[in-house]
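Here is start36.pdb, consisting of PDB, C-alpha atoms:
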```
ATOM      1  CA  MET G   1       5.504 -13.319 -34.570
ATOM      2  CA  SER G   2       2.597 -14.823 -36.414
ATOM      3  CA  GLY G   3      -0.866 -13.350 -36.554
ATOM      4  CA  MET G   4      -2.333 -16.067 -34.311
ATOM      5  CA  GLN G   5       0.234 -15.379 -31.598
ATOM      6  CA  LEU G   6      -0.532 -11.654 -31.758
ATOM      7  CA  VAL G   7      -4.269 -12.319 -31.351
ATOM      8  CA  ILE G   8      -3.641 -14.563 -28.353
ATOM      9  CA  LEU G   9      -1.415 -11.946 -26.718
ATOM     10  CA  LEU G  10      -4.108  -9.294 -27.215
ATOM     11  CA  ILE G  11      -6.698 -11.586 -25.657
ATOM     12  CA  ILE G  12      -4.419 -12.150 -22.659
ATOM     13  CA  PHE G  13      -3.821  -8.415 -22.305
ATOM     14  CA  PHE G  14      -7.512  -7.521 -22.278
ATOM     15  CA  ALA G  15      -8.284 -10.403 -19.904
ATOM     16  CA  VAL G  16      -5.728  -9.093 -17.398
ATOM     17  CA  LEU G  17      -7.033  -5.537 -17.828
ATOM     18  CA  ALA G  18     -10.614  -6.651 -17.182
ATOM     19  CA  THR G  19      -9.551  -8.655 -14.123
ATOM     20  CA  VAL G  20      -7.717  -5.709 -12.574
ATOM     21  CA  TYR G  21     -10.669  -3.399 -13.270
ATOM     22  CA  ILE G  22     -13.134  -5.796 -11.651
ATOM     23  CA  VAL G  23     -10.933  -6.298  -8.592
ATOM     24  CA  MET G  24     -10.416  -2.566  -8.036
ATOM     25  CA  ASN G  25     -14.103  -1.786  -8.410
ATOM     26  CA  ALA G  26     -15.002  -4.612  -6.062
ATOM     27  CA  LEU G  27     -12.598  -3.309  -3.415
ATOM     28  CA  VAL G  28     -13.910   0.254  -3.739
ATOM     29  CA  PRO G  29     -17.503   0.022  -5.014
ATOM     30  CA  GLY G  30     -18.880   3.256  -6.364
ATOM     31  CA  ALA G  31     -15.789   5.363  -5.604
ATOM     32  CA  ALA G  32     -16.316   7.723  -8.529
ATOM     33  CA  GLN G  33     -19.957   8.262  -7.624
ATOM     34  CA  ARG G  34     -19.036   9.039  -4.011
ATOM     35  CA  ARG G  35     -16.413  11.591  -5.081
ATOM     36  CA  LEU G  36     -18.931  13.289  -7.364
ATOM     37  CA  GLN G  37     -21.512  13.408  -4.582
ATOM     38  CA  LYS G  38     -18.939  14.934  -2.225
ATOM     39  CA  VAL G  39     -18.248  17.709  -4.728
ATOM     40  CA  VAL G  40     -21.886  18.574  -5.361
ATOM     41  CA  GLY G  41     -22.802  18.045  -1.699
ATOM     42  CA  GLY G  42     -25.804  15.930  -2.486
ATOM     43  CA  GLU G  43     -25.170  13.112  -0.056
ATOM     44  CA  LYS G  44     -23.557  12.584   3.330
ATOM     45  CA  LEU G  45     -19.890  11.725   3.293
ATOM     46  CA  ILE G  46     -20.091   8.487   5.228
ATOM     47  CA  GLN G  47     -22.252   5.756   3.888
ATOM     48  CA  ASN G  48     -23.195   2.559   5.567
ATOM     49  CA  VAL G  49     -20.410   0.044   5.147
ATOM     50  CA  ASP G  50     -22.942  -2.732   4.642
ATOM     51  CA  GLU G  51     -24.894  -0.921   1.936
ATOM     52  CA  GLU G  52     -26.028  -2.994  -0.998
ATOM     53  CA  ALA G  53     -23.386  -3.210  -3.694
ATOM     54  CA  PRO G  54     -24.161  -3.087  -7.430
ATOM     55  CA  ALA G  55     -25.443  -6.287  -8.976
ATOM     56  CA  TRP G  56     -22.350  -6.955 -11.052
ATOM     57  CA  VAL G  57     -20.094  -6.466  -8.025
ATOM     58  CA  GLN G  58     -22.159  -8.974  -6.096
ATOM     59  CA  LYS G  59     -21.807 -11.450  -8.972
ATOM     60  CA  VAL G  60     -18.040 -11.021  -8.923
ATOM     61  CA  VAL G  61     -18.021 -11.611  -5.172
ATOM     62  CA  ASP G  62     -20.120 -14.751  -5.590
ATOM     63  CA  LEU G  63     -17.707 -16.063  -8.223
ATOM     64  CA  ALA G  64     -14.693 -15.164  -6.096
ATOM     65  CA  GLY G  65     -16.014 -16.927  -3.008
ATOM     66  CA  PRO G  66     -14.683 -20.418  -3.840
ATOM     67  CA  LEU G  67     -11.269 -18.976  -4.748
ATOM     68  CA  ALA G  68     -11.145 -16.953  -1.541
ATOM     69  CA  LYS G  69     -11.667 -20.064   0.580
ATOM     70  CA  LEU G  70      -8.335 -21.434  -0.639
ATOM     71  CA  SER G  71      -6.439 -18.503   0.929
ATOM     72  CA  LEU G  72      -8.623 -17.505   3.870
ATOM     73  CA  PRO G  73      -6.805 -17.661   7.237
ATOM     74  CA  GLU G  74      -7.700 -20.603   9.407
ATOM     75  CA  GLU G  75      -7.953 -18.545  12.601
ATOM     76  CA  ASP G  76     -10.963 -16.472  13.548
ATOM     77  CA  TRP G  77     -11.412 -13.618  11.085
ATOM     78  CA  GLN G  78     -12.468 -11.172  13.788
ATOM     79  CA  ASN G  79      -9.127 -11.650  15.551
ATOM     80  CA  SER G  80      -7.026 -11.920  12.400
ATOM     81  CA  PRO G  81      -4.218  -9.354  11.900
ATOM     82  CA  ILE G  82      -5.179  -9.016   8.232
ATOM     83  CA  ARG G  83      -8.577  -7.676   9.309
ATOM     84  CA  LEU G  84      -6.832  -4.870  11.196
ATOM     85  CA  ARG G  85      -4.849  -4.057   8.065
ATOM     86  CA  PHE G  86      -8.086  -3.780   6.083
ATOM     87  CA  ILE G  87      -9.418  -1.387   8.721
ATOM     88  CA  ASN G  88      -6.210   0.664   8.585
ATOM     89  CA  ALA G  89      -6.549   0.801   4.795
ATOM     90  CA  GLY G  90     -10.129   2.093   5.140
ATOM     91  CA  TYR G  91     -11.912  -0.962   3.700
ATOM     92  CA  ARG G  92     -14.823  -1.942   5.925
ATOM     93  CA  ASN G  93     -16.955  -3.553   3.245
ATOM     94  CA  LYS G  94     -17.595  -7.222   3.928
ATOM     95  CA  ASN G  95     -16.818  -8.072   0.283
ATOM     96  CA  ALA G  96     -13.266  -6.683   0.387
ATOM     97  CA  PRO G  97     -11.656  -9.714   2.124
ATOM     98  CA  ILE G  98     -13.350 -12.111  -0.291
ATOM     99  CA  VAL G  99     -11.995 -10.269  -3.330
ATOM    100  CA  TYR G 100      -8.581  -9.888  -1.677
ATOM    101  CA  PHE G 101      -8.053 -13.583  -0.956
ATOM    102  CA  ALA G 102      -9.582 -14.558  -4.294
ATOM    103  CA  ALA G 103      -7.087 -12.279  -6.029
ATOM    104  CA  LYS G 104      -4.210 -13.933  -4.151
ATOM    105  CA  THR G 105      -5.298 -17.381  -5.349
ATOM    106  CA  LEU G 106      -6.129 -16.250  -8.873
ATOM    107  CA  LEU G 107      -2.896 -14.341  -9.458
ATOM    108  CA  ALA G 108      -0.846 -17.249  -8.091
ATOM    109  CA  VAL G 109      -2.346 -19.378 -10.881
ATOM    110  CA  VAL G 110      -2.685 -16.790 -13.662
ATOM    111  CA  PHE G 111       0.926 -15.542 -13.702
ATOM    112  CA  PRO G 112       2.478 -19.020 -14.167
ATOM    113  CA  GLY G 113      -0.310 -19.889 -16.619
ATOM    114  CA  PHE G 114       0.489 -16.892 -18.812
ATOM    115  CA  TYR G 115       4.175 -17.776 -18.699
ATOM    116  CA  LEU G 116       3.576 -21.375 -19.726
ATOM    117  CA  LEU G 117       1.110 -20.279 -22.415
ATOM    118  CA  GLY G 118       3.544 -17.758 -23.875
ATOM    119  CA  LYS G 119       6.353 -20.264 -23.711
ATOM    120  CA  GLY G 120       4.285 -22.872 -25.509
ATOM    121  CA  LEU G 121       3.135 -20.469 -28.209
ATOM    122  CA  GLY G 122       6.584 -18.952 -28.683
ATOM    123  CA  GLY G 123       8.322 -22.312 -28.910
ATOM    124  CA  PHE G 124      10.976 -21.416 -26.344
ATOM    125  CA  GLU G 125      13.035 -24.327 -25.107
ATOM    126  CA  ALA G 126      14.364 -24.493 -21.552
ATOM    127  CA  ASP G 127      15.273 -27.171 -19.093
ATOM    128  CA  PHE G 128      12.807 -28.443 -16.527
ATOM    129  CA  ALA G 129      14.621 -26.888 -13.544
ATOM    130  CA  HIS G 130      14.586 -23.402 -15.079
ATOM    131  CA  THR G 131      10.902 -23.682 -15.985
ATOM    132  CA  LEU G 132       9.971 -24.939 -12.518
ATOM    133  CA  ALA G 133      11.913 -22.148 -10.815
ATOM    134  CA  THR G 134      10.262 -19.522 -13.008
ATOM    135  CA  VAL G 135       6.789 -20.931 -12.393
ATOM    136  CA  LEU G 136       7.325 -20.985  -8.618
ATOM    137  CA  ALA G 137       8.707 -17.435  -8.656
ATOM    138  CA  LEU G 138       5.734 -16.139 -10.657
ATOM    139  CA  ALA G 139       3.302 -17.968  -8.358
ATOM    140  CA  ALA G 140       4.947 -16.380  -5.318
ATOM    141  CA  ILE G 141       4.811 -12.937  -6.944
ATOM    142  CA  GLY G 142       1.126 -13.370  -7.771
ATOM    143  CA  TYR G 143       0.328 -14.595  -4.265
ATOM    144  CA  TYR G 144       2.115 -11.771  -2.434
ATOM    145  CA  LEU G 145       1.260  -8.951  -4.853
ATOM    146  CA  PRO G 146      -2.064  -8.151  -3.078
ATOM    147  CA  ASN G 147      -0.096  -7.902   0.193
ATOM    148  CA  VAL G 148       2.157  -5.252  -1.334
ATOM    149  CA  ILE G 149      -0.807  -3.314  -2.718
ATOM    150  CA  LEU G 150      -2.614  -3.451   0.638
ATOM    151  CA  SER G 151       0.511  -2.297   2.485
ATOM    152  CA  ARG G 152       0.828   0.616   0.087
ATOM    153  CA  MET G 153      -2.792   1.611   0.681
ATOM    154  CA  VAL G 154      -2.272   1.457   4.449
ATOM    155  CA  TYR G 155       0.842   3.633   4.157
ATOM    156  CA  VAL G 156      -0.895   6.264   2.007
ATOM    157  CA  ARG G 157      -3.870   6.455   4.356
ATOM    158  CA  LYS G 158      -1.701   6.719   7.469
ATOM    159  CA  ARG G 159       0.369   9.459   5.863
ATOM    160  CA  GLU G 160      -2.706  11.525   5.025
ATOM    161  CA  LEU G 161      -4.080  11.093   8.532
ATOM    162  CA  PHE G 162      -0.759  12.104  10.068
ATOM    163  CA  GLU G 163      -0.477  15.207   7.887
ATOM    164  CA  ASN G 164      -4.026  16.419   8.566
ATOM    165  CA  PHE G 165      -4.468  15.486  12.227
ATOM    166  CA  PRO G 166      -2.780  18.657  13.605
ATOM    167  CA  ASP G 167      -5.258  20.822  11.698
ATOM    168  CA  ALA G 168      -8.151  18.735  13.030
ATOM    169  CA  LEU G 169      -6.854  19.119  16.578
ATOM    170  CA  ASP G 170      -6.559  22.891  16.142
ATOM    171  CA  LEU G 171     -10.150  23.016  14.971
ATOM    172  CA  MET G 172     -11.225  20.863  17.909
ATOM    173  CA  THR G 173      -9.384  23.200  20.275
ATOM    174  CA  VAL G 174     -11.275  26.187  18.862
ATOM    175  CA  CYS G 175     -14.581  24.331  19.249
ATOM    176  CA  VAL G 176     -13.850  23.338  22.853
ATOM    177  CA  GLU G 177     -12.752  26.856  23.790
ATOM    178  CA  ALA G 178     -15.908  28.230  22.163
ATOM    179  CA  GLY G 179     -18.013  26.248  24.633
ATOM    180  CA  LEU G 180     -18.815  23.019  22.788
ATOM    181  CA  GLY G 181     -18.565  19.713  24.580
ATOM    182  CA  MET G 182     -16.178  17.002  23.477
ATOM    183  CA  ASP G 183     -18.839  15.013  21.617
ATOM    184  CA  ALA G 184     -20.167  18.078  19.790
ATOM    185  CA  ALA G 185     -16.613  19.204  18.961
ATOM    186  CA  ILE G 186     -15.804  15.809  17.428
ATOM    187  CA  SER G 187     -18.929  15.959  15.249
ATOM    188  CA  ARG G 188     -18.130  19.522  14.223
ATOM    189  CA  VAL G 189     -14.573  18.615  13.236
ATOM    190  CA  GLY G 190     -15.929  15.712  11.178
ATOM    191  CA  ASP G 191     -18.134  18.132   9.252
ATOM    192  CA  GLU G 192     -15.530  20.857   8.752
ATOM    193  CA  MET G 193     -12.680  18.555   7.655
ATOM    194  CA  ALA G 194     -14.725  17.069   4.804
ATOM    195  CA  ILE G 195     -13.217  19.270   2.091
ATOM    196  CA  THR G 196      -9.629  19.368   3.345
ATOM    197  CA  SER G 197      -9.243  15.680   4.240
ATOM    198  CA  PRO G 198     -12.155  13.303   3.619
ATOM    199  CA  ILE G 199     -10.318  10.455   5.370
ATOM    200  CA  THR G 200      -9.823  12.466   8.574
ATOM    201  CA  SER G 201     -13.420  13.636   8.370
ATOM    202  CA  GLU G 202     -14.595  10.053   8.019
ATOM    203  CA  GLU G 203     -12.706   8.936  11.119
ATOM    204  CA  PHE G 204     -14.121  11.749  13.263
ATOM    205  CA  ARG G 205     -17.597  11.061  11.930
ATOM    206  CA  MET G 206     -17.210   7.419  12.886
ATOM    207  CA  VAL G 207     -16.339   8.483  16.429
ATOM    208  CA  GLY G 208     -19.422  10.679  16.504
ATOM    209  CA  LEU G 209     -21.612   7.843  15.270
ATOM    210  CA  GLU G 210     -20.249   5.496  17.929
ATOM    211  CA  LEU G 211     -20.929   8.084  20.631
ATOM    212  CA  ARG G 212     -24.500   8.574  19.424
ATOM    213  CA  ALA G 213     -24.958   4.818  19.272
ATOM    214  CA  GLY G 214     -24.276   4.555  23.014
ATOM    215  CA  ALA G 215     -20.567   3.697  23.166
ATOM    216  CA  SER G 216     -18.509   5.286  25.906
ATOM    217  CA  ARG G 217     -16.191   8.113  24.993
ATOM    218  CA  GLU G 218     -13.129   6.103  26.000
ATOM    219  CA  GLN G 219     -14.141   3.138  23.853
ATOM    220  CA  ALA G 220     -14.960   5.351  20.853
ATOM    221  CA  LEU G 221     -11.590   7.108  21.091
ATOM    222  CA  ARG G 222      -9.710   3.818  21.439
ATOM    223  CA  ASN G 223     -11.526   2.526  18.349
ATOM    224  CA  LEU G 224     -10.287   5.652  16.551
ATOM    225  CA  ALA G 225      -6.693   4.774  17.459
ATOM    226  CA  LEU G 226      -7.258   1.186  16.338
ATOM    227  CA  ARG G 227      -8.681   2.231  12.956
ATOM    228  CA  THR G 228      -5.937   4.739  12.187
ATOM    229  CA  GLY G 229      -3.030   2.587  13.371
ATOM    230  CA  LEU G 230      -0.920   5.665  14.237
ATOM    231  CA  GLU G 231       1.115   5.894  17.416
ATOM    232  CA  ASP G 232       0.488   9.638  17.603
ATOM    233  CA  VAL G 233      -3.266   9.119  17.562
ATOM    234  CA  ASP G 234      -2.877   6.408  20.203
ATOM    235  CA  SER G 235      -1.023   8.846  22.479
ATOM    236  CA  LEU G 236      -3.669  11.496  21.753
ATOM    237  CA  VAL G 237      -6.417   9.103  22.799
ATOM    238  CA  ALA G 238      -4.578   8.232  25.993
ATOM    239  CA  MET G 239      -4.149  11.933  26.744
ATOM    240  CA  LEU G 240      -7.843  12.693  26.148
ATOM    241  CA  VAL G 241      -8.914   9.754  28.295
ATOM    242  CA  GLN G 242      -6.667  10.923  31.141
ATOM    243  CA  ALA G 243      -7.865  14.527  30.779
ATOM    244  CA  ASP G 244     -11.487  13.393  30.868
ATOM    245  CA  ARG G 245     -10.852  11.121  33.840
ATOM    246  CA  PHE G 246      -8.971  13.648  36.015
ATOM    247  CA  GLY G 247     -10.847  16.768  34.888
ATOM    248  CA  THR G 248      -7.901  18.673  33.428
ATOM    249  CA  SER G 249      -8.235  21.214  30.620
ATOM    250  CA  ILE G 250      -8.946  19.425  27.350
ATOM    251  CA  ALA G 251      -8.225  22.566  25.276
ATOM    252  CA  ASP G 252      -4.715  22.905  26.701
ATOM    253  CA  SER G 253      -4.041  19.206  26.141
ATOM    254  CA  LEU G 254      -5.208  19.426  22.533
ATOM    255  CA  ARG G 255      -3.107  22.529  21.912
ATOM    256  CA  VAL G 256       0.054  20.901  23.285
ATOM    257  CA  HIS G 257      -0.483  17.692  21.334
ATOM    258  CA  SER G 258      -1.275  19.488  18.068
ATOM    259  CA  GLU G 259       1.915  21.532  18.443
ATOM    260  CA  ALA G 260       3.889  18.334  19.041
ATOM    261  CA  LEU G 261       2.379  16.726  15.942
ATOM    262  CA  ARG G 262       3.124  19.795  13.850
ATOM    263  CA  THR G 263       6.712  19.843  15.085
ATOM    264  CA  LYS G 264       7.102  16.166  14.241
ATOM    265  CA  ARG G 265       5.652  16.767  10.778
ATOM    266  CA  ARG G 266       8.125  19.592  10.197
ATOM    267  CA  LEU G 267      11.053  17.467  11.376
ATOM    268  CA  ILE G 268      10.057  14.655   9.017
ATOM    269  CA  ALA G 269       9.917  17.135   6.126
ATOM    270  CA  GLU G 270      13.363  18.485   7.050
ATOM    271  CA  GLU G 271      14.724  14.940   7.250
ATOM    272  CA  LYS G 272      13.435  14.147   3.768
ATOM    273  CA  ALA G 273      14.929  17.379   2.449
ATOM    274  CA  ALA G 274      18.297  16.501   4.001
ATOM    275  CA  LYS G 275      18.245  13.061   2.371
ATOM    276  CA  LEU G 276      17.545  14.547  -1.034
ATOM    277  CA  ALA G 277      21.196  15.387  -1.760
ATOM    278  CA  VAL G 278      22.313  11.824  -1.037
ATOM    279  CA  LYS G 279      19.508  10.353  -3.146
ATOM    280  CA  LEU G 280      20.451  12.596  -6.080
ATOM    281  CA  LEU G 281      24.082  11.523  -5.872
ATOM    282  CA  PHE G 282      23.701   8.223  -7.724
ATOM    283  CA  PRO G 283      21.597   9.590 -10.634
ATOM    284  CA  LEU G 284      24.107  12.410 -11.017
ATOM    285  CA  ILE G 285      27.110  10.052 -11.048
ATOM    286  CA  PHE G 286      25.715   7.350 -13.312
ATOM    287  CA  THR G 287      23.529   9.364 -15.732
ATOM    288  CA  ILE G 288      24.057  13.125 -15.822
ATOM    289  CA  PHE G 289      27.796  13.286 -15.078
ATOM    290  CA  PRO G 290      28.852  10.891 -17.901
ATOM    291  CA  SER G 291      26.694  12.823 -20.348
ATOM    292  CA  MET G 292      28.335  16.097 -19.309
ATOM    293  CA  LEU G 293      31.801  14.570 -19.708
ATOM    294  CA  LEU G 294      30.872  13.305 -23.130
ATOM    295  CA  VAL G 295      29.636  16.729 -24.233
ATOM    296  CA  LEU G 296      32.523  18.686 -22.713
ATOM    297  CA  LEU G 297      35.459  16.383 -23.442
ATOM    298  CA  GLY G 298      34.192  14.703 -26.591
ATOM    299  CA  PRO G 299      35.384  17.421 -29.014
ATOM    300  CA  ALA G 300      38.787  17.537 -27.288
ATOM    301  CA  PHE G 301      39.251  13.779 -27.626
ATOM    302  CA  LEU G 302      38.283  13.964 -31.305
ATOM    303  CA  SER G 303      40.839  16.735 -31.904
ATOM    304  CA  ILE G 304      43.545  14.715 -30.155
ATOM    305  CA  TYR G 305      42.685  11.643 -32.166
ATOM    306  CA  ARG G 306      42.714  13.484 -35.500
ATOM    307  CA  THR G 307      45.659  15.874 -34.971
ATOM    308  CA  LEU G 308      47.955  14.957 -32.101
ATOM    309  CA  LEU G 309      48.130  11.185 -32.501
ATOM    310  CA  PRO G 310      49.112  11.258 -36.212
ATOM    311  CA  ALA G 311      51.754  13.906 -35.429
ATOM    312  CA  MET G 312      53.209  11.812 -32.602
ATOM    313  CA  GLY G 313      53.304   8.792 -34.901
ATOM    314  CA  GLY G 314      55.242  10.663 -37.544
ATOM    315  CA  GLY G 315      52.335  10.734 -40.015
TER     316      GLY G 315
END
```
Kindly return the structure encoded in the file as structure tokens.
Amino acid sequence: MSGMQLVILLIIFFAVLATVYIVMNALVPGAAQRRLQKVVGGEKLIQNVDEEAPAWVQKVVDLAGPLAKLSLPEEDWQNSPIRLRFINAGYRNKNAPIVYFAAKTLLAVVFPGFYLLGKGLGGFEADFAHTLATVLALAAIGYYLPNVILSRMVYVRKRELFENFPDALDLMTVCVEAGLGMDAAISRVGDEMAITSPITSEEFRMVGLELRAGASREQALRNLALRTGLEDVDSLVAMLVQADRFGTSIADSLRVHSEALRTKRRLIAEEKAAKLAVKLLFPLIFTIFPSMLLVLLGPAFLSIYRTLLPAMGGG
């Protein structure tokens, strides 16, 4: 590899690194500052989703706007399923969809471009069909890579909500039994869950804000189920709505549902533990077991080769 090729590869590497850094900071503006403020307790945990972003983030969004238009869905954005996925992932900033669709278009062009550039600089020769297939495959990977990342973020957020919701329900049960109303209990849980689970705290705080803004309790709770995207939270909301409508004990309903969620969480953990032996089977067979055979039987095979085989051959 010549010096010029090495310089070009370094330039490509740093360009990709800068692009990924800009995209991640645009999707989550000021994440490090918010974490620091949560630790020191100098600012409220939930900030306005339409707060003014840093100047450089706004410049990136302005530059990404034309690219985002090439991948934006044709249907109404408010009714688009991808918008619900952004909500489930916790991204409510208006700039997140622009950066997301711009990244889809940019990566679909950048990956094949890097391949063709490296192929041209390296002097590799290949037929047209192979090159075309590789370019199309890289374009598809670049286009669907943001989908995979977004799905992973949704999964991680749902898992944290599922693991921490039983504790939040227990705390809400204590608040209700202590004499607090439902609205005050929701606000209290949002404050107390801030250290244990900031995501759960944020969702309860959003419910409290909607209630203070004049939304009905049923609508605020249904919005909670929509934002989380969990079936267990949906059933919880239905239970709370029915308890509020028919005047049954909310504390007993919360206690029963929290116990059911905790049981389900324990069963999922036991299921994963039971699958562990099967998942370890293939690494043991293909990696560890051959190494053990080599260590244990290797000296014996060497002794047979050096002593027994010459004796059997009459040497």
Which residues of region 81-193 of chain G come within 12 Å of region 237-257 of chain G, and for each one, what is the closest pair of atoms and their distance in Å to one decimal, counting all atoms listed in the file, sorted by chain and residue number, as CSV?
```
residue,atom,partner,partner_atom,distance
G:Phe165,CA,G:His257,CA,10.2
G:Pro166,CA,G:His257,CA,8.1
G:Asp167,CA,G:Arg255,CA,10.6
G:Ala168,CA,G:Leu254,CA,10.0
G:Leu169,CA,G:Leu254,CA,6.2
G:Asp170,CA,G:Arg255,CA,6.7
G:Leu171,CA,G:Leu254,CA,9.7
G:Met172,CA,G:Leu254,CA,7.7
G:Thr173,CA,G:Ala251,CA,5.2
G:Val174,CA,G:Ala251,CA,8.0
G:Cys175,CA,G:Ala251,CA,8.9
G:Val176,CA,G:Ala251,CA,6.2
G:Glu177,CA,G:Ala251,CA,6.4
G:Ala178,CA,G:Ala251,CA,10.0
G:Gly179,CA,G:Ala251,CA,10.5
G:Leu180,CA,G:Ala251,CA,10.9
G:Gly181,CA,G:Ile250,CA,10.0
G:Met182,CA,G:Ile250,CA,8.6
G:Asp183,CA,G:Asp244,CA,11.9
G:Ala185,CA,G:Ala251,CA,11.0
```
Between CA of Phe101 (chain G) and CA of Leu224 (chain G) - distance in Å to one decimal: 26.1 Å
10 Å contact set for region 133-136 of chain G, only C-alpha atoms, chain neighbours under 3 positions out, as a PyMOL selection string: chain G and resi 108-109+111-116+128-130+139-142
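What separates CA of Val16 (chain G) from CA of Lys119 (chain G) is a distance of 17.6 Å.
Between CA of Leu211 (chain G) and CA of Asn223 (chain G) lies a distance of 11.2 Å.
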Nearby residues (only C-alpha atoms) at most 10 Å from region 265-278 of chain G, same-chain spacing under 3 positions excluded, as a list in words: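 Those residues are Phe162, Glu163, Asn164, Pro166, Glu259, Ala260, Leu261, Arg262, Leu281, Phe282 and Pro283 of chain G.
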Nearest to Tyr100 (chain G), chosen from G:Leu293, G:Ala137, G:Leu84, G:Leu150, with only C-alpha atoms counted in the distances: G:Leu150
Could you state which residues are captured by the PyMOL selection byres ((chain G and resi 197) around 10) in this file, as a PDB file with C-alpha atoms, in the frame of the given file?
```pdb
ATOM      1  CA  GLU G 160      -2.706  11.525   5.025  1.00  0.00           C
ATOM      2  CA  LEU G 161      -4.080  11.093   8.532  1.00  0.00           C
ATOM      3  CA  GLU G 163      -0.477  15.207   7.887  1.00  0.00           C
ATOM      4  CA  ASN G 164      -4.026  16.419   8.566  1.00  0.00           C
ATOM      5  CA  PHE G 165      -4.468  15.486  12.227  1.00  0.00           C
ATOM      6  CA  ASP G 167      -5.258  20.822  11.698  1.00  0.00           C
ATOM      7  CA  ALA G 168      -8.151  18.735  13.030  1.00  0.00           C
ATOM      8  CA  GLY G 190     -15.929  15.712  11.178  1.00  0.00           C
ATOM      9  CA  GLU G 192     -15.530  20.857   8.752  1.00  0.00           C
ATOM     10  CA  MET G 193     -12.680  18.555   7.655  1.00  0.00           C
ATOM     11  CA  ALA G 194     -14.725  17.069   4.804  1.00  0.00           C
ATOM     12  CA  ILE G 195     -13.217  19.270   2.091  1.00  0.00           C
ATOM     13  CA  THR G 196      -9.629  19.368   3.345  1.00  0.00           C
ATOM     14  CA  PRO G 198     -12.155  13.303   3.619  1.00  0.00           C
ATOM     15  CA  ILE G 199     -10.318  10.455   5.370  1.00  0.00           C
ATOM     16  CA  THR G 200      -9.823  12.466   8.574  1.00  0.00           C
ATOM     17  CA  SER G 201     -13.420  13.636   8.370  1.00  0.00           C
ATOM     18  CA  GLU G 202     -14.595  10.053   8.019  1.00  0.00           C
TER      19      GLU G 202
END
```
Picked residues, the PyMOL selection byres ((chain G and resi 85) around 9), expected as a count of residues only: 15
